[in-house]
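Asks: First, the structure itself, so that you have it in front of you.
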Amino acid sequence: MLLEVDGLETFYGASQALFGVELAVAEGEVVALMGRNGMGKTTTIRSILNLTPPRAGRVRFAGQEIAGRRPHRVARMGIGLVPEGRRCFPNLTVDENLAAAARPGRWTLEAVRTLFPRLAERRGQSANTLSGGEQQMLAIGRALMTNPRLLVLDEATEGLAPVIRQDIWASIRTLKQEGLSILIVDKTLSELLRLADRCTILEKGSTVWTGAPGALDAALQDRHLGV
């Protein structure tokens with residue numbers, strides 16, 4: 001496995017948020033991390049990257065223990081994060097945002113522009129002048145510029161117009177076809193089930209189900225994902 005998470009427990013002060021989360025992503029696999037709002041998906045991602053350090057459990061990436069390492073060192077090991085809310089550098093141009101994250105590898109400015117032609121058109125604009133969809137493309141492009149082995153997308157299409165959402169899903173499908181390992185959180189169940197090789201569902205900070213998308217029947221969806 002490229003990423004292995006075992007028994008992860010995370011707290012915010014005295015309040016426990018994760019209760020022994022189990023999660024894995026194989027090389028070249030797309031895993032959907034699912035659950036209702038407030039069930040621990042973002043906290044799990046933050047714990048993997050040590051942005052919110054876990055108090056117990058193990059996180060192994062490419063065979064190395066990463067729990068306890070500083071977040072920038074975790075990123076340099078090959079995990080690229082597209083955070084919830086995008087968080088582009090607002091006063092830098094599109095190209096400057098991308099160049100700031102650049103590391104050697106397949107993903108260059110030209111490659112990102114090919115994946116997202118809109119970014120090529122807006123290369124000289126400040127990030128704060130972009131639409132929400134364009135900022136999301138930029139956030140994905142910036143993560144790719146680190147040339148990660150694992151791309152983590154937290155709320156990949158939240159708040160985006162339907163047309164832009166389809167562009168984002170198309171780009172993620174392209175990344176899957178290229179063999180990039182992906183851990184993705186999103187509320188669009190239909191797209192996740194078409195894209196994912198495997199799904200992991202969290203409920204109240206615990207892993208309650210893992211399996212293939214085809215095994216996630218209507219009863220399971222209603223029990224663990226219904227409103």
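Identifiers in this document derive from the order of the structure tokens: chains are assigned A, B, ..., residues are numbered from 1 separately in each chain, and ligands are numbered from 1 in order of occurrence.
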Need the shell around A:Cys199: protein/DNA/RNA residues with any atom at most 12 Å away, counting only C-alpha atoms. Skip same-chain ones fewer than 4 positions apart. Format as an NGL selection string?

Replies: :A and (22-25 or 29-35 or 182-186 or 189 or 192-195 or 207-216 or 220-221)

Asks: Output N, CA and C atoms for every residue in the selection just made, as a short mmCIF file (atom, residue, chain, number, x, y, z; two decimals), in the first residue's frame.

Replies:
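Result saved to selection_24.cif:
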data_model
loop_
_atom_site.label_atom_id
_atom_site.label_comp_id
_atom_site.auth_asym_id
_atom_site.auth_seq_id
_atom_site.Cartn_x
_atom_site.Cartn_y
_atom_site.Cartn_z
N GLU A 22 -9.31 3.73 10.09
CA GLU A 22 -8.53 2.83 9.24
C GLU A 22 -8.75 3.23 7.79
N LEU A 23 -7.66 3.35 7.04
CA LEU A 23 -7.75 3.83 5.66
C LEU A 23 -6.52 3.38 4.90
N ALA A 24 -6.68 3.08 3.62
CA ALA A 24 -5.53 2.70 2.80
C ALA A 24 -5.75 3.13 1.36
N VAL A 25 -4.65 3.48 0.70
CA VAL A 25 -4.67 3.81 -0.72
C VAL A 25 -3.50 3.07 -1.37
N GLU A 29 -4.37 3.83 -7.19
CA GLU A 29 -5.77 3.63 -6.81
C GLU A 29 -6.42 4.98 -6.48
N VAL A 30 -7.73 5.06 -6.76
CA VAL A 30 -8.54 6.20 -6.33
C VAL A 30 -9.46 5.73 -5.21
N VAL A 31 -9.32 6.36 -4.05
CA VAL A 31 -10.15 6.02 -2.89
C VAL A 31 -11.01 7.23 -2.53
N ALA A 32 -12.31 7.00 -2.42
CA ALA A 32 -13.24 8.04 -1.99
C ALA A 32 -13.43 7.94 -0.48
N LEU A 33 -13.16 9.03 0.22
CA LEU A 33 -13.39 9.11 1.66
C LEU A 33 -14.74 9.78 1.85
N MET A 34 -15.69 9.04 2.41
CA MET A 34 -17.08 9.47 2.39
C MET A 34 -17.66 9.55 3.80
N GLY A 35 -18.81 10.21 3.91
CA GLY A 35 -19.49 10.35 5.18
C GLY A 35 -20.30 11.63 5.19
N ILE A 182 -4.99 8.72 -5.77
CA ILE A 182 -5.84 9.85 -5.38
C ILE A 182 -6.69 9.44 -4.18
N LEU A 183 -6.73 10.33 -3.18
CA LEU A 183 -7.68 10.23 -2.07
C LEU A 183 -8.59 11.44 -2.19
N ILE A 184 -9.89 11.20 -2.33
CA ILE A 184 -10.80 12.30 -2.65
C ILE A 184 -12.01 12.33 -1.74
N VAL A 185 -12.37 13.55 -1.32
CA VAL A 185 -13.60 13.82 -0.57
C VAL A 185 -14.47 14.71 -1.44
N ASP A 186 -15.75 14.35 -1.58
CA ASP A 186 -16.69 15.20 -2.30
C ASP A 186 -18.10 14.75 -1.94
N LEU A 189 -22.08 12.07 -4.92
CA LEU A 189 -21.98 10.62 -4.78
C LEU A 189 -21.90 9.92 -6.13
N LEU A 192 -18.40 10.23 -7.55
CA LEU A 192 -17.44 9.46 -6.74
C LEU A 192 -17.53 7.98 -7.05
N LEU A 193 -18.74 7.46 -7.16
CA LEU A 193 -18.91 6.03 -7.39
C LEU A 193 -18.44 5.62 -8.78
N ARG A 194 -18.52 6.53 -9.75
CA ARG A 194 -18.01 6.24 -11.09
C ARG A 194 -16.48 6.28 -11.12
N LEU A 195 -15.90 7.13 -10.27
CA LEU A 195 -14.46 7.38 -10.32
C LEU A 195 -13.65 6.42 -9.43
N THR A 207 -14.12 4.50 11.12
CA THR A 207 -14.35 3.82 9.84
C THR A 207 -15.43 2.77 10.05
N VAL A 208 -16.52 2.89 9.26
CA VAL A 208 -17.64 1.95 9.43
C VAL A 208 -17.83 1.04 8.23
N TRP A 209 -17.21 1.40 7.09
CA TRP A 209 -17.37 0.55 5.91
C TRP A 209 -16.27 0.86 4.91
N THR A 210 -15.73 -0.20 4.30
CA THR A 210 -14.78 -0.07 3.19
C THR A 210 -15.12 -1.14 2.17
N GLY A 211 -15.14 -0.74 0.89
CA GLY A 211 -15.43 -1.72 -0.14
C GLY A 211 -15.46 -1.09 -1.52
N ALA A 212 -15.76 -1.92 -2.51
CA ALA A 212 -15.84 -1.45 -3.88
C ALA A 212 -17.11 -0.63 -4.07
N PRO A 213 -17.09 0.34 -4.99
CA PRO A 213 -18.29 1.17 -5.21
C PRO A 213 -19.53 0.34 -5.54
N GLY A 214 -19.35 -0.74 -6.28
CA GLY A 214 -20.49 -1.56 -6.65
C GLY A 214 -21.16 -2.24 -5.48
N ALA A 215 -20.43 -2.37 -4.37
CA ALA A 215 -21.00 -3.00 -3.17
C ALA A 215 -21.73 -2.01 -2.27
N LEU A 216 -21.63 -0.71 -2.60
CA LEU A 216 -22.28 0.32 -1.79
C LEU A 216 -23.72 0.47 -2.27
N LEU A 220 -26.95 0.68 2.27
CA LEU A 220 -25.75 1.22 2.90
C LEU A 220 -25.66 2.73 2.70
N GLN A 221 -26.01 3.20 1.52
CA GLN A 221 -25.99 4.63 1.26
C GLN A 221 -26.95 5.36 2.20
#

Asks: Excluding A:Met39 and any residue of its chain fewer than 2 positions from it, enumerate the residues within 9 Å of it, using only C-alpha atoms, and give them as a ChimeraX atom specification.

Replies: /A:17-18,34-37,41-43,202-206

Asks: Given only C-alpha atoms as the basis, pick out the residue of A:Leu115, A:Ser126, A:Arg106, A:Glu158 nearest to A:Ile172.

Replies: A:Leu115

Asks: Step one, run DSSP on the backbone; step two, keep only residues of stretch 177-226 of chain A assigned to strand (DSSP E or B); then write them as a ChimeraX atom specification.

Replies: /A:181-185,198-203,206-211

Asks: Write out, as a short mmCIF file (atom, residue, chain, number, x, y, z; two decimals), in the first residue's frame, the residues just selected, with C-alpha atoms.

Replies:
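In the end it all went to again06.cif:
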data_model
loop_
_atom_site.label_atom_id
_atom_site.label_comp_id
_atom_site.auth_asym_id
_atom_site.auth_seq_id
_atom_site.Cartn_x
_atom_site.Cartn_y
_atom_site.Cartn_z
CA SER A 181 -2.97 7.71 -6.65
CA ILE A 182 -5.84 9.85 -5.38
CA LEU A 183 -7.68 10.23 -2.07
CA ILE A 184 -10.80 12.30 -2.65
CA VAL A 185 -13.60 13.82 -0.57
CA ARG A 198 -12.67 1.76 -3.41
CA CYS A 199 -14.72 3.70 -0.86
CA THR A 200 -14.18 4.23 2.85
CA ILE A 201 -17.02 5.64 4.95
CA LEU A 202 -16.57 7.49 8.24
CA GLU A 203 -19.25 7.88 10.86
CA SER A 206 -14.71 5.95 12.96
CA THR A 207 -14.35 3.82 9.84
CA VAL A 208 -17.64 1.95 9.43
CA TRP A 209 -17.37 0.55 5.91
CA THR A 210 -14.78 -0.07 3.19
CA GLY A 211 -15.43 -1.72 -0.14
#

Asks: Between A:Asn128, A:Arg113, A:Arg122, A:Gln64, which has the minimum distance to A:Pro90 (counting only C-alpha atoms)?

Replies: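 Comparing A:Asn128, A:Arg113, A:Arg122, A:Gln64 against A:Pro90, the winner is A:Asn128.
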
Asks: Between A:Met1, A:Val21, A:Ile168, A:Ala62, which residue has the minimum interatomic distance to A:Met77, considering only C-alpha atoms?

Replies: A:Ala62

Asks: Go through A:Gly13, A:Gly159, A:Pro53, A:Gly141 one by one, measure the shortest atom-to-atom distance of each to A:Asn97 using only C-alpha atoms, and give the residue with the smallest value.

Replies: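 Looking at the shortest contact to A:Asn97, the residue is A:Gly141.
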
Asks: Quick one: residues within 9 Å of A:Ala99, only C-alpha atoms, excluding same-chain residues fewer than 4 positions away - as a list in words?

Replies: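 Non-adjacent residues within range: Val94, Asp95, Arg103, Thr108, Leu109, Arg142 and Met145 of chain A.
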
Asks: Measure the distance from atom CA of A:Gly40 to atom CA of A:Phe19 in Å and round it to one decimal.

Replies: 9.5 Å

Asks: Go through A:Leu3, A:Leu144, A:Leu81, A:Ala100 one by one, measure the shortest atom-to-atom distance of each to A:Val112 using only C-alpha atoms, and give the residue with the smallest value.

Replies: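 Closest to A:Val112 of all the choices is A:Leu144.
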
Asks: How many Å lie between atom CA of A:Arg87 and atom CA of A:Gln135, rounded to one decimal?

Replies: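 That distance, rounded to one decimal, is 8.4 Å.
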
Asks: One decimal, in Å: what's the spacing between atom CA of A:Ala75 and atom CA of A:Pro104?

Replies: 14.0 Å
